[in-house]
>>> print(open('start-v2.cif').read())   # mmCIF, C-alpha atoms and all ligand atoms
data_input
#
loop_
_atom_site.group_PDB
_atom_site.id
_atom_site.type_symbol
_atom_site.label_atom_id
_atom_site.label_comp_id
_atom_site.auth_asym_id
_atom_site.auth_seq_id
_atom_site.Cartn_x
_atom_site.Cartn_y
_atom_site.Cartn_z
ATOM 1 C CA MET X 1233 -10.920 -0.206 16.013
ATOM 2 C CA ASP X 1234 -11.997 -3.657 14.698
ATOM 3 C CA ALA X 1235 -15.293 -2.192 13.507
ATOM 4 C CA TYR X 1236 -13.571 0.565 11.497
ATOM 5 C CA GLU X 1237 -15.303 1.937 8.374
ATOM 6 C CA PRO X 1238 -13.914 4.873 6.333
ATOM 7 C CA PRO X 1239 -15.784 8.136 7.091
ATOM 8 C CA VAL X 1240 -18.993 8.676 5.112
ATOM 9 C CA ASP X 1241 -17.646 11.720 3.220
ATOM 10 C CA VAL X 1242 -14.619 9.754 1.946
ATOM 11 C CA GLN X 1243 -16.863 6.814 0.992
ATOM 12 C CA GLY X 1244 -19.018 9.271 -0.955
ATOM 13 C CA GLU X 1245 -15.990 10.368 -3.017
ATOM 14 C CA GLY X 1246 -15.013 6.825 -4.008
ATOM 15 C CA ILE X 1247 -16.272 3.465 -5.209
ATOM 16 C CA ARG X 1248 -16.598 0.302 -3.128
ATOM 17 C CA PHE X 1249 -14.573 -2.204 -5.150
ATOM 18 C CA ASP X 1250 -16.616 -5.377 -5.748
ATOM 19 C CA ASN X 1251 -18.857 -4.313 -2.831
ATOM 20 C CA GLN X 1252 -16.217 -5.511 -0.393
ATOM 21 C CA ASP X 1253 -14.016 -3.757 2.160
ATOM 22 C CA PHE X 1254 -11.973 -1.964 -0.528
ATOM 23 C CA LEU X 1255 -12.625 1.711 -1.286
ATOM 24 C CA TYR X 1256 -11.063 3.443 -4.301
ATOM 25 C CA VAL X 1257 -10.893 7.258 -4.405
ATOM 26 C CA GLU X 1258 -9.530 8.197 -7.822
ATOM 27 C CA HIS X 1259 -8.952 11.923 -7.208
ATOM 28 C CA PHE X 1260 -7.676 11.822 -3.648
ATOM 29 C CA VAL X 1261 -5.236 14.692 -4.314
ATOM 30 C CA LYS X 1262 -4.764 17.127 -7.193
ATOM 31 C CA THR X 1263 -2.469 15.982 -10.020
ATOM 32 C CA ALA X 1264 0.072 18.744 -9.240
ATOM 33 C CA THR X 1265 0.275 17.613 -5.589
ATOM 34 C CA ALA X 1266 0.675 13.962 -6.611
ATOM 35 C CA THR X 1267 3.412 14.929 -9.088
ATOM 36 C CA SER X 1268 5.356 16.868 -6.472
ATOM 37 C CA TRP X 1269 5.067 13.900 -4.044
ATOM 38 C CA LEU X 1270 6.267 11.540 -6.789
ATOM 39 C CA ASP X 1271 9.294 13.743 -7.550
ATOM 40 C CA TYR X 1272 10.100 13.895 -3.861
ATOM 41 C CA CYS X 1273 9.817 10.101 -3.394
ATOM 42 C CA LEU X 1274 11.967 9.333 -6.445
ATOM 43 C CA ARG X 1275 14.621 11.757 -5.272
ATOM 44 C CA ASP X 1276 14.726 11.499 -1.489
ATOM 45 C CA ILE X 1277 13.447 8.123 -0.267
ATOM 46 C CA ASP X 1278 16.095 5.682 0.851
ATOM 47 C CA TRP X 1279 15.183 2.754 -1.492
ATOM 48 C CA HIS X 1280 16.411 -0.824 -0.987
ATOM 49 C CA ARG X 1281 16.382 -3.989 -3.078
ATOM 50 C CA GLU X 1282 15.480 -6.425 -0.320
ATOM 51 C CA SER X 1283 15.717 -10.190 -0.005
ATOM 52 C CA VAL X 1284 13.207 -12.333 1.887
ATOM 53 C CA THR X 1285 13.315 -16.013 2.799
ATOM 54 C CA MET X 1286 10.260 -18.087 1.957
ATOM 55 C CA PHE X 1287 10.049 -21.843 2.512
ATOM 56 C CA GLY X 1288 13.827 -21.903 3.108
ATOM 57 C CA THR X 1289 14.711 -20.128 -0.160
ATOM 58 C CA LYS X 1290 16.039 -16.595 -0.378
ATOM 59 C CA TYR X 1291 14.362 -14.331 -2.977
ATOM 60 C CA ARG X 1292 15.176 -10.787 -4.089
ATOM 61 C CA LEU X 1293 12.000 -8.723 -4.201
ATOM 62 C CA PRO X 1294 10.989 -7.710 -7.751
ATOM 63 C CA ARG X 1295 10.660 -4.020 -6.770
ATOM 64 C CA LEU X 1296 12.330 -1.525 -4.432
ATOM 65 C CA THR X 1297 11.016 -0.896 -0.928
ATOM 66 C CA ALA X 1298 11.458 1.504 1.987
ATOM 67 C CA TRP X 1299 10.075 1.594 5.531
ATOM 68 C CA TYR X 1300 9.282 4.574 7.763
ATOM 69 C CA GLY X 1301 7.449 4.773 11.062
ATOM 70 C CA ASP X 1302 6.913 6.165 14.526
ATOM 71 C CA LYS X 1303 9.616 5.427 17.078
ATOM 72 C CA ASP X 1304 9.646 1.757 18.199
ATOM 73 C CA CYS X 1305 7.383 0.597 15.355
ATOM 74 C CA ALA X 1306 8.642 -2.573 13.683
ATOM 75 C CA TYR X 1307 6.989 -4.814 11.120
ATOM 76 C CA HIS X 1308 7.601 -8.581 10.941
ATOM 77 C CA TYR X 1309 7.051 -10.460 7.705
ATOM 78 C CA SER X 1310 8.515 -13.476 5.869
ATOM 79 C CA GLY X 1311 10.850 -14.139 8.803
ATOM 80 C CA THR X 1312 12.254 -10.593 8.690
ATOM 81 C CA THR X 1313 11.890 -7.600 11.010
ATOM 82 C CA ARG X 1314 11.815 -4.096 9.560
ATOM 83 C CA GLU X 1315 12.313 -1.096 11.834
ATOM 84 C CA GLY X 1316 10.828 2.054 10.351
ATOM 85 C CA GLU X 1317 13.215 4.903 9.495
ATOM 86 C CA PRO X 1318 12.245 8.215 11.134
ATOM 87 C CA TRP X 1319 9.586 10.077 9.112
ATOM 88 C CA THR X 1320 10.797 12.597 6.573
ATOM 89 C CA GLU X 1321 8.881 15.871 6.483
ATOM 90 C CA CYS X 1322 7.086 15.004 3.230
ATOM 91 C CA LEU X 1323 6.132 11.422 4.195
ATOM 92 C CA ALA X 1324 4.877 12.647 7.588
ATOM 93 C CA GLU X 1325 2.826 15.334 5.833
ATOM 94 C CA ILE X 1326 1.181 12.747 3.531
ATOM 95 C CA CYS X 1327 0.600 10.487 6.550
ATOM 96 C CA GLY X 1328 -1.006 13.407 8.418
ATOM 97 C CA LEU X 1329 -3.386 14.062 5.538
ATOM 98 C CA VAL X 1330 -4.337 10.381 5.212
ATOM 99 C CA LYS X 1331 -4.862 10.130 9.008
ATOM 100 C CA ARG X 1332 -7.124 13.179 9.054
ATOM 101 C CA ARG X 1333 -9.188 12.111 6.018
ATOM 102 C CA LEU X 1334 -9.598 8.510 7.190
ATOM 103 C CA CYS X 1335 -9.768 9.219 10.946
ATOM 104 C CA TYR X 1336 -7.302 6.403 11.612
ATOM 105 C CA PRO X 1337 -3.991 6.451 13.566
ATOM 106 C CA PHE X 1338 -1.547 5.183 10.918
ATOM 107 C CA ASN X 1339 1.985 4.917 12.336
ATOM 108 C CA PHE X 1340 3.982 2.997 9.749
ATOM 109 C CA LEU X 1341 4.709 3.167 6.022
ATOM 110 C CA LEU X 1342 5.805 0.516 3.565
ATOM 111 C CA ALA X 1343 6.708 2.227 0.291
ATOM 112 C CA ASN X 1344 6.994 0.244 -2.951
ATOM 113 C CA ARG X 1345 8.754 1.456 -6.087
ATOM 114 C CA TYR X 1346 7.968 -0.258 -9.408
ATOM 115 C CA ARG X 1347 10.733 0.890 -11.785
ATOM 116 C CA SER X 1348 8.952 -0.396 -14.904
ATOM 117 C CA GLY X 1349 6.216 -2.854 -15.923
ATOM 118 C CA SER X 1350 8.618 -5.710 -15.016
ATOM 119 C CA ASP X 1351 8.498 -4.854 -11.312
ATOM 120 C CA TYR X 1352 5.543 -6.328 -9.457
ATOM 121 C CA VAL X 1353 4.118 -7.687 -6.212
ATOM 122 C CA GLY X 1354 2.776 -11.253 -6.237
ATOM 123 C CA TRP X 1355 -0.419 -12.576 -4.645
ATOM 124 C CA HIS X 1356 -0.483 -12.010 -0.885
ATOM 125 C CA SER X 1357 -2.576 -10.732 2.021
ATOM 126 C CA ASP X 1358 -1.282 -8.167 4.478
ATOM 127 C CA ASP X 1359 -2.317 -10.279 7.444
ATOM 128 C CA GLU X 1360 0.748 -9.988 9.688
ATOM 129 C CA ARG X 1361 -0.127 -10.110 13.386
ATOM 130 C CA ASP X 1362 1.545 -6.728 13.956
ATOM 131 C CA MET X 1363 -1.474 -5.036 12.384
ATOM 132 C CA GLY X 1364 -4.186 -6.807 14.368
ATOM 133 C CA SER X 1365 -6.884 -9.113 13.019
ATOM 134 C CA ARG X 1366 -8.693 -6.576 10.805
ATOM 135 C CA PRO X 1367 -5.949 -4.296 9.468
ATOM 136 C CA VAL X 1368 -6.672 -0.934 7.894
ATOM 137 C CA ILE X 1369 -4.309 -0.031 5.050
ATOM 138 C CA ALA X 1370 -4.331 3.243 3.106
ATOM 139 C CA SER X 1371 -2.490 3.039 -0.187
ATOM 140 C CA VAL X 1372 -1.559 6.179 -2.145
ATOM 141 C CA SER X 1373 -0.549 5.690 -5.807
ATOM 142 C CA LEU X 1374 1.884 8.013 -7.599
ATOM 143 C CA GLY X 1375 3.207 7.824 -11.160
ATOM 144 C CA ALA X 1376 2.356 5.226 -13.815
ATOM 145 C CA SER X 1377 -1.090 3.606 -13.549
ATOM 146 C CA ARG X 1378 -0.952 -0.068 -12.647
ATOM 147 C CA VAL X 1379 -3.603 -2.771 -12.380
ATOM 148 C CA PHE X 1380 -4.322 -3.970 -8.838
ATOM 149 C CA ARG X 1381 -5.935 -7.425 -8.775
ATOM 150 C CA VAL X 1382 -8.035 -8.941 -5.980
ATOM 151 C CA ARG X 1383 -9.170 -12.555 -5.671
ATOM 152 C CA PRO X 1384 -10.975 -14.512 -2.952
ATOM 153 C CA ARG X 1385 -8.671 -16.674 -0.814
ATOM 154 C CA SER X 1386 -11.238 -19.441 -1.138
ATOM 155 C CA GLY X 1387 -10.683 -19.549 -4.918
ATOM 156 C CA GLY X 1388 -12.467 -18.002 -7.861
ATOM 157 C CA LYS X 1389 -11.747 -15.337 -10.414
ATOM 158 C CA SER X 1390 -9.718 -12.205 -9.811
ATOM 159 C CA LYS X 1391 -10.940 -8.687 -10.563
ATOM 160 C CA GLY X 1392 -8.795 -5.724 -11.595
ATOM 161 C CA LEU X 1393 -8.795 -2.053 -10.684
ATOM 162 C CA LEU X 1394 -6.574 0.548 -12.383
ATOM 163 C CA LEU X 1395 -4.770 2.582 -9.712
ATOM 164 C CA GLN X 1396 -4.184 6.098 -11.040
ATOM 165 C CA HIS X 1397 -1.702 8.842 -10.162
ATOM 166 C CA GLY X 1398 -2.965 10.673 -7.038
ATOM 167 C CA SER X 1399 -5.503 8.013 -6.041
ATOM 168 C CA LEU X 1400 -6.166 6.355 -2.685
ATOM 169 C CA LEU X 1401 -7.153 2.743 -2.066
ATOM 170 C CA VAL X 1402 -8.350 1.821 1.418
ATOM 171 C CA MET X 1403 -8.512 -1.805 2.578
ATOM 172 C CA TRP X 1404 -10.124 -2.646 5.902
ATOM 173 C CA GLY X 1405 -12.390 -5.166 7.682
ATOM 174 C CA ASP X 1406 -12.219 -8.590 6.028
ATOM 175 C CA SER X 1407 -10.172 -7.481 3.025
ATOM 176 C CA GLN X 1408 -7.021 -9.340 4.172
ATOM 177 C CA ARG X 1409 -8.749 -12.323 5.809
ATOM 178 C CA LEU X 1410 -10.908 -13.151 2.795
ATOM 179 C CA PHE X 1411 -8.875 -11.866 -0.176
ATOM 180 C CA LYS X 1412 -5.415 -11.797 -1.716
ATOM 181 C CA HIS X 1413 -4.155 -8.966 -3.870
ATOM 182 C CA SER X 1414 -1.339 -8.375 -6.353
ATOM 183 C CA VAL X 1415 0.081 -5.871 -8.839
ATOM 184 C CA PRO X 1416 1.143 -8.150 -11.722
ATOM 185 C CA LYS X 1417 3.966 -7.460 -14.137
ATOM 186 C CA THR X 1418 3.056 -6.202 -17.590
ATOM 187 C CA ASP X 1419 4.701 -6.046 -21.045
ATOM 188 C CA GLN X 1420 3.472 -2.479 -21.468
ATOM 189 C CA ARG X 1421 6.232 0.149 -21.511
ATOM 190 C CA LEU X 1422 5.465 1.992 -18.301
ATOM 191 C CA GLY X 1423 7.232 4.643 -16.288
ATOM 192 C CA GLU X 1424 7.935 4.496 -12.565
ATOM 193 C CA ARG X 1425 5.190 4.009 -10.020
ATOM 194 C CA ILE X 1426 5.403 4.573 -6.284
ATOM 195 C CA ASN X 1427 2.922 3.213 -3.818
ATOM 196 C CA LEU X 1428 2.792 4.478 -0.237
ATOM 197 C CA THR X 1429 0.953 2.029 2.030
ATOM 198 C CA TYR X 1430 0.215 3.529 5.437
ATOM 199 C CA ARG X 1431 -0.454 0.986 8.164
ATOM 200 C CA HIS X 1432 -1.067 0.807 11.904
ATOM 201 C CA ILE X 1433 1.270 -1.350 13.969
ATOM 202 C CA VAL X 1434 -0.325 -2.404 17.244
ATOM 203 C CA ARG X 1435 2.216 -1.880 20.050
HETATM 204 O O1 LIG W 1501 1.481 -1.346 -5.104
HETATM 205 C C1 LIG W 1501 0.364 -1.568 -4.686
HETATM 206 O O2 LIG W 1501 -0.620 -0.906 -5.034
HETATM 207 C C2 LIG W 1501 0.122 -2.721 -3.717
HETATM 208 C C3 LIG W 1501 1.215 -2.909 -2.712
HETATM 209 C C4 LIG W 1501 0.949 -4.063 -1.799
HETATM 210 O O3 LIG W 1501 0.227 -4.957 -2.116
HETATM 211 C C5 LIG W 1501 1.568 -4.099 -0.478
HETATM 212 O O4 LIG W 1501 2.372 -3.232 -0.138
HETATM 213 O O5 LIG W 1501 1.230 -5.015 0.288
#
>>> encode(input="start-v2.cif", output="structure tokens")
Amino acid sequence: MDAYEPPVDVQGEGIRFDNQDFLYVEHFVKTATATSWLDYCLRDIDWHRESVTMFGTKYRLPRLTAWYGDKDCAYHYSGTTREGEPWTECLAEICGLVKRRLCYPFNFLLANRYRSGSDYVGWHSDDERDMGSRPVIASVSLGASRVFRVRPRSGGKSKGLLLQHGSLLVMWGDSQRLFKHSVPKTDQRLGERINLTYRHIVR
């Protein structure tokens, strides 16, 4: 699976961001489908305001999160272990669609909820060992559009990509090893955004 590339038909529907291992498909699902998924996620996901410990200091995350996954799938990050909740029907259905389109066996979901422009995720790479050395991450965006920024880990300028309602961003290959990404806060008055990041935990 280390040599994974998204299928040719999906690549044809999207753009290769910065010619790297990031693929953006703006119209992954119809707007009506994305809106019904958003309503479902706002209403029925079990959201948490989590704390993580970094360099000995405890921080509250500046967004809400939720975790779902196959039985026995757990994700370790920032000194914490997260067991996935059992899939709900809707989240399993979205996962099934993403698996079929990308031909990849996703088995875990980290969901992020940005309640307004003040919620954000800081610079990081999703390079936890649980996902192997070249993780594949499929990220579905619902709700308010937010800017996703990518910058080389070795330094240099960042580039931005506007993630729209109903879009899909795929990261694979060297995207975590060579780059960091973030969704910065903004002063713009924005509504809620939900981001479903499907991952594969190696067991
Ligand atoms: O909200 C997003 O689009 C990015 C989320 C993210 O970076 C993550 O879950 O690791």
>>> residues_near_ligand(input="start-v2.cif", ligand="ligand LIG 1501 (chain W)", cutoff="8 Å", atoms="only C-alpha atoms and all ligand atoms", output="list in words")
Leu1342, Ala1343, Asn1344, Arg1345, Tyr1346, Tyr1352, Val1353, Gly1354, His1356, Ser1357, Asp1358, Ser1371, Val1372, Ser1373, Arg1378, Phe1380, Leu1395, His1413, Ser1414, Val1415, Ile1426, Asn1427, Leu1428 and Thr1429 of chain X
>>> resolve_selection(input="start-v2.cif", expression="the PyMOL selection byres (((chain X and resi 1279) around 7) and not hetatm)", output="PyMOL selection string")
chain X and resi 1277-1278+1280+1296-1298
>>> closest_residue(input="start-v2.cif", among="X:Ser1348, X:Gln1420, X:Thr1285, X:Gln1408", to="Gly1375 of chain X", atoms="only C-alpha atoms")
X:Ser1348
>>> closest_residue(input="start-v2.cif", among="X:Asp1406, X:Asp1351, X:Glu1258, X:Asp1241", to="Thr1418 of chain X", atoms="all atoms listed in the file")
X:Asp1351
>>> resolve_selection(input="start-v2.cif", expression="the PyMOL selection byres (((chain X and resi 1393) around 6) and not hetatm)", output="MDAnalysis selection string")
chainID X and resid 1379:1380 1392 1394
>>> closest_residue(input="start-v2.cif", among="X:Leu1374, X:Ala1306, X:Val1402, X:Cys1327", to="Pro1239 of chain X", atoms="all atoms listed in the file")
X:Val1402
>>> resolve_selection(input="start-v2.cif", expression="the PyMOL selection byres (((chain X and resi 1254) around 9) and not hetatm)", output="ChimeraX atom specification")
/X:1247-1253,1255-1256,1401-1405,1407
>>> atom_distance(input="start-v2.cif", atom1="atom CA of Thr1320 of chain X", atom2="atom CA of Arg1332 of chain X")
18.1 Å
>>> atom_distance(input="start-v2.cif", atom1="atom CA of Arg1421 of chain X", atom2="atom CA of Ser1268 of chain X")
22.5 Å
>>> atom_distance(input="start-v2.cif", atom1="atom CA of Ser1350 of chain X", atom2="atom CA of Lys1417 of chain X")
5.0 Å
>>> closest_residue(input="start-v2.cif", among="X:Arg1409, X:Arg1366, X:His1397, X:Lys1290", to="Arg1385 of chain X", atoms="all atoms listed in the file")
X:Arg1409
>>> residues_around(input="start-v2.cif", residues="Ser1386 of chain X", least_positions_apart="6", cutoff="10 Å", atoms="all atoms listed in the file", output="list in words")
Leu1410, Phe1411 and Lys1412 of chain X
>>> closest_residue(input="start-v2.cif", among="X:Val1261, X:His1432, X:Leu1274, X:Thr1289", to="Ile1326 of chain X", atoms="only C-alpha atoms")
X:Val1261
>>> closest_residue(input="start-v2.cif", among="X:Glu1360, X:Asp1302, X:Glu1315, X:Glu1325", to="Asn1339 of chain X", atoms="all atoms listed in the file")
X:Asp1302
